[in-house]
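Engineer: Right, I'll just put the structure down here and ask away after.
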Amino acid sequence: MKLWENISAEALQVLSAEQAWHYQVIPYRVDGGKLYLFSKQNASSSLREELEILLGLNIELEPLDTEELQRSIGKYYRKVNLDKGQVRTVDSGDRNFLNQLIQEAQQLGGSDIHLEAFEHAARVRIRIDGVLIEKYKLEKTAYPGLINQIKIKANLDISEKRLPQDGRIFVGQGSDRLDIRVSSLPTLHGEKIVMRLLAQNAEALSITSLGFWEQELEYYLESIRRPNGIVLISGPTGSGKTTTLYATLRILNETRRNIITIEDPIEYTLEGINQVQLKEAIGLDFASAMRTFLRQDPDAIMVGEIRDLDTASMAIRASLTGHLVLSTIHTNYAWGIISRLLDMGVPAYLLADTLNAAVAQRLVRLLCADCKEAASFTADLLPRRFVTSEIPTTHYQAKGCEKCFYTGYKGRKAIYEVIPIDRELSQLIRDKNLDTQDILKNKGIISLAENAFALLKRGDTSLQEIAPLLS
């Protein structure tokens with residue numbers, strides 16, 4: 001019988017989250033005046049006595065594997081540091097600290113864990129909604145032991161402290177399985193570790209929940225339903241491009257299609273899709289993988305990123321021979337994709353014939369609904385380069401509370417700029433006429449800046465958050 005099938009809701013209510021984390025126990029059954037709890041395998045008798053005094057119940061402890069215990073506590077008791085403006089100092093020599101840290105980051109929706117050493121101390125920060133939040137201070141003397149613990153779990157060489165290393169840690173099982181990418185970097189005062197938390201399952205991703213407006217979604221779906229051509233998504237690192245691609249693959253993933261991807265790293269796994277991990281050290285890069293893919297009878301190909309002319313040329317070759325190609329590229333706006341590819345050396349006539357859609361996206365932090373504050377708004381607050389006739393009378397500002405970790409923001413939303421390449425735009429590309437601002441406006445294409453401003457008017461985000469997009 002699985003652990004969670006033994007845990008009753010009644011038992012969980014006996015302990016608070018703080019008590020469960022402090023005593024490292026999880027209650028699973030209440031029978032009369034007796035409480036049954038899972039505990040660490042080496043739990044002392046004094047633990048039972050202390051809990052009996054605290055709860056006024058007879059206590060029965062059942063030992064459980066440490067990692068399973070940590071996972072279960074994190075699953076049923078959310079651990080949050082509620083001290084405003086304060087960072088907890090902890091003993092990183094505690095063997096359970098690493099498991100607790102990973103579980104906490106997962107519960108908080110964190111994407112990365114940063115462990116950094118300085119001259120007299122060390123710290124732990126967690127990236128939540130794209131922003132690093134300092135959570136813990138660590139004793140410098142215990143820091144090397146924590147780093148070694150991570151490196152052992154990630155199958156890294158603990159004796160090598162002069163060179164960067166990369167590894168992986170797998171935590172949990174089934175749908176709760178977590179893939180953690182570990183990167184070590186030698187710094188002046190010790191090794192810095194970054195752990196990126198990657199969920200293993202993409203089945204929950206839905207294209208309709210990402211942030212497309214209705215017309216944008218219609219344009220996008222039309223572009224990916226074509227049997228061939230290229231769909232490119234642009235944006236800086238961390239703007240959600242890969243998530244959009246995975247949600248797209250879910251739509252295309254049918255038994256009648258052969259879909260192959262080349263990724264770095266593979267962030268989600270999708271049943272029915274052939275996913276390949278990039279390994280540049282042995283010559284398996286994007287361009288070489290694409291050459292092989294064309295001999296694998298694909299219907300659709302996803303390339304993690306177009307970085308150079310070689311990869312771009314292979315993508316165009318694939319689309320010309322009847323394949324749908326999805327990829328990402330680093331530009332600031334959607335039409336900039338065309339400029340970037342032309343600068344790489346892609347012939348304009350080939351780009352005009354193969355590009356289905358150019359998409360740009362960003363992730364915008366949403367204001368915390370529990371603490372956002374209304375304020376008056378005037379046109380003077382807007383950057384001078386952004387012109388609009390729709391000036392709201394009020395807007396909302398970030399304040400900060402316990403529920404948003406005093407950041408003022410909670411969650412993020414993707415905004416898009418989708419340009420479907422029709423005959424008119426295709427001819428402009430062929431002519432290398434890149435001055436299309438008025439044409440795109442007449443076609444009803446909504447820019448990133450306009451989509452960001454729409455979120456401001458709705459009270460979903462702050463002017464401070466979207467100001468870079470309006471400039």
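Residues in the structure tokens are named by chain (A, B, ... in the order shown) and by number from 1 within that chain; ligands are numbered from 1 in the order shown.
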According to DSSP computed on the backbone, where in stretch 244-306 of chain A is there alpha helix (DSSP H)? Give the residues as a compact mmCIF listing (two decimals) with N, CA and C atoms, in the first residue's frame.
Structural biologist:
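The result, written out as states.txt:
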```txt
# COMPACT_ATOMS: atom_id res chain seq x y z
N THR A 244 6.05 27.22 -24.15
CA THR A 244 5.14 27.39 -25.29
C THR A 244 5.36 26.29 -26.32
N LEU A 245 6.62 25.94 -26.57
CA LEU A 245 6.92 24.88 -27.54
C LEU A 245 6.38 23.53 -27.07
N TYR A 246 6.53 23.22 -25.78
CA TYR A 246 6.02 21.95 -25.27
C TYR A 246 4.49 21.89 -25.36
N ALA A 247 3.83 23.01 -25.04
CA ALA A 247 2.37 23.04 -25.17
C ALA A 247 1.96 22.84 -26.63
N THR A 248 2.77 23.35 -27.54
CA THR A 248 2.52 23.16 -28.97
C THR A 248 2.69 21.70 -29.37
N LEU A 249 3.75 21.08 -28.85
CA LEU A 249 4.00 19.66 -29.17
C LEU A 249 2.85 18.78 -28.69
N ARG A 250 2.23 19.15 -27.58
CA ARG A 250 1.09 18.38 -27.07
C ARG A 250 -0.05 18.38 -28.08
N ILE A 251 -0.25 19.50 -28.78
CA ILE A 251 -1.30 19.57 -29.79
C ILE A 251 -0.94 18.70 -30.99
N LEU A 252 0.32 18.73 -31.39
CA LEU A 252 0.76 17.99 -32.57
C LEU A 252 0.96 16.51 -32.31
N PHE A 286 22.96 21.12 -32.58
CA PHE A 286 21.66 21.29 -33.23
C PHE A 286 21.73 20.97 -34.73
N ALA A 287 22.76 21.48 -35.39
CA ALA A 287 22.85 21.31 -36.84
C ALA A 287 23.07 19.84 -37.23
N SER A 288 23.98 19.15 -36.53
CA SER A 288 24.24 17.75 -36.87
C SER A 288 23.04 16.87 -36.56
N ALA A 289 22.33 17.19 -35.48
CA ALA A 289 21.12 16.43 -35.15
C ALA A 289 20.06 16.61 -36.24
N MET A 290 19.93 17.85 -36.74
CA MET A 290 18.95 18.11 -37.79
C MET A 290 19.25 17.28 -39.04
N ARG A 291 20.53 17.14 -39.38
CA ARG A 291 20.89 16.35 -40.56
C ARG A 291 20.42 14.90 -40.41
N THR A 292 20.62 14.37 -39.20
CA THR A 292 20.18 13.00 -38.94
C THR A 292 18.66 12.89 -38.92
N PHE A 293 18.01 13.91 -38.34
CA PHE A 293 16.55 13.89 -38.24
C PHE A 293 15.89 13.73 -39.61
```
Engineer: With DSSP run on the backbone, what are the strand (DSSP E) residues within stretch 258-448 of chain A? I'd like them as a PyMOL selection string.
Structural biologist: chain A and resi 259-263+274-277+300-303+324-329+355-367+373-376+394-397+409-420
Engineer: Have a look at A:Gly229, A:Gly32, A:Gly109, A:Pro63 and name the one nearest to A:Ile421; count only C-alpha atoms.
Structural biologist: A:Gly229
Engineer: Name all residues at most 9 Å from A:Asn253 (count only C-alpha atoms; drop same-chain ones fewer than 5 positions away) and give them as an mmCIF file with all heavy atoms, in the first residue's frame.
Structural biologist:
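Result file out_10.cif:
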```cif
data_model
loop_
_atom_site.group_PDB
_atom_site.id
_atom_site.type_symbol
_atom_site.label_atom_id
_atom_site.label_comp_id
_atom_site.auth_asym_id
_atom_site.auth_seq_id
_atom_site.Cartn_x
_atom_site.Cartn_y
_atom_site.Cartn_z
ATOM 1 N N THR A 248 2.770 23.355 -27.543
ATOM 2 C CA THR A 248 2.519 23.163 -28.975
ATOM 3 C C THR A 248 2.692 21.704 -29.373
ATOM 4 O O THR A 248 1.882 21.142 -30.132
ATOM 5 C CB THR A 248 3.470 24.050 -29.801
ATOM 6 O OG1 THR A 248 3.349 25.411 -29.378
ATOM 7 C CG2 THR A 248 3.153 23.936 -31.280
ATOM 8 N N ASN A 258 5.235 11.592 -36.735
ATOM 9 C CA ASN A 258 6.540 11.290 -36.154
ATOM 10 C C ASN A 258 7.186 12.615 -35.770
ATOM 11 O O ASN A 258 7.524 13.431 -36.632
ATOM 12 C CB ASN A 258 7.416 10.534 -37.162
ATOM 13 C CG ASN A 258 8.814 10.275 -36.624
ATOM 14 O OD1 ASN A 258 9.017 10.194 -35.412
ATOM 15 N ND2 ASN A 258 9.778 10.141 -37.514
ATOM 16 N N ILE A 259 7.339 12.837 -34.470
ATOM 17 C CA ILE A 259 7.877 14.108 -33.968
ATOM 18 C C ILE A 259 9.213 13.841 -33.279
ATOM 19 O O ILE A 259 9.326 12.945 -32.437
ATOM 20 C CB ILE A 259 6.900 14.782 -32.984
ATOM 21 C CG1 ILE A 259 5.541 15.014 -33.653
ATOM 22 C CG2 ILE A 259 7.473 16.089 -32.471
ATOM 23 C CD1 ILE A 259 4.479 15.565 -32.729
ATOM 24 N N LEU A 270 7.583 13.927 -22.902
ATOM 25 C CA LEU A 270 6.281 13.754 -23.536
ATOM 26 C C LEU A 270 6.205 12.367 -24.161
ATOM 27 O O LEU A 270 7.022 12.022 -25.022
ATOM 28 C CB LEU A 270 6.078 14.818 -24.621
ATOM 29 C CG LEU A 270 5.620 16.202 -24.168
ATOM 30 C CD1 LEU A 270 5.776 17.205 -25.298
ATOM 31 C CD2 LEU A 270 4.183 16.170 -23.689
ATOM 32 N N GLU A 271 5.253 11.592 -23.710
ATOM 33 C CA GLU A 271 5.052 10.249 -24.248
ATOM 34 C C GLU A 271 4.656 10.335 -25.717
ATOM 35 O O GLU A 271 3.776 11.102 -26.104
ATOM 36 C CB GLU A 271 3.951 9.528 -23.455
ATOM 37 C CG GLU A 271 3.804 8.058 -23.788
ATOM 38 C CD GLU A 271 4.930 7.211 -23.224
ATOM 39 O OE1 GLU A 271 5.566 7.660 -22.254
ATOM 40 O OE2 GLU A 271 5.162 6.119 -23.757
ATOM 41 N N GLY A 272 5.340 9.563 -26.564
ATOM 42 C CA GLY A 272 5.024 9.554 -27.982
ATOM 43 C C GLY A 272 5.898 10.446 -28.827
ATOM 44 O O GLY A 272 5.764 10.480 -30.055
ATOM 45 N N ILE A 273 6.822 11.186 -28.184
ATOM 46 C CA ILE A 273 7.726 12.080 -28.912
ATOM 47 C C ILE A 273 9.160 11.632 -28.675
ATOM 48 O O ILE A 273 9.554 11.308 -27.554
ATOM 49 C CB ILE A 273 7.526 13.543 -28.474
ATOM 50 C CG1 ILE A 273 6.163 14.048 -28.973
ATOM 51 C CG2 ILE A 273 8.642 14.438 -28.989
ATOM 52 C CD1 ILE A 273 5.843 15.459 -28.569
#
```
Engineer: Just want the 7 Å neighbourhood of A:Leu363, counted on only C-alpha atoms, with same-chain residues fewer than 3 positions away dropped. Output as a VMD selection string.
Structural biologist: chain A and resid 239 to 240 412 to 415
Engineer: Stretch 376-378 of chain A: which residues within 7 Å, counting only C-alpha atoms, same-chain residues fewer than 3 positions away excluded, as number ranges by chain?
Structural biologist: A: 381, 392-395
Engineer: Please produce a file of the residues just selected, as a short mmCIF file (atom, residue, chain, number, x, y, z; two decimals), in the first residue's frame, where the atoms kept are N, CA and C atoms.
Structural biologist:
```cif
data_model
loop_
_atom_site.label_atom_id
_atom_site.label_comp_id
_atom_site.auth_asym_id
_atom_site.auth_seq_id
_atom_site.Cartn_x
_atom_site.Cartn_y
_atom_site.Cartn_z
N LEU A 381 3.29 59.31 -16.16
CA LEU A 381 3.98 58.15 -15.61
C LEU A 381 4.50 57.21 -16.70
N PRO A 392 -5.69 55.05 -18.13
CA PRO A 392 -6.56 54.73 -16.99
C PRO A 392 -6.45 55.80 -15.90
N THR A 393 -7.46 55.87 -15.08
CA THR A 393 -7.44 56.85 -13.98
C THR A 393 -6.73 56.29 -12.75
N THR A 394 -6.73 54.97 -12.61
CA THR A 394 -6.05 54.33 -11.47
C THR A 394 -5.22 53.14 -11.97
N HIS A 395 -4.25 52.78 -11.16
CA HIS A 395 -3.48 51.56 -11.40
C HIS A 395 -3.13 50.96 -10.05
#
```
Engineer: Report the distance between atom CA of A:Val364 and atom CA of A:Ile207 in Å, rounded to one decimal place.
Structural biologist: 17.2 Å
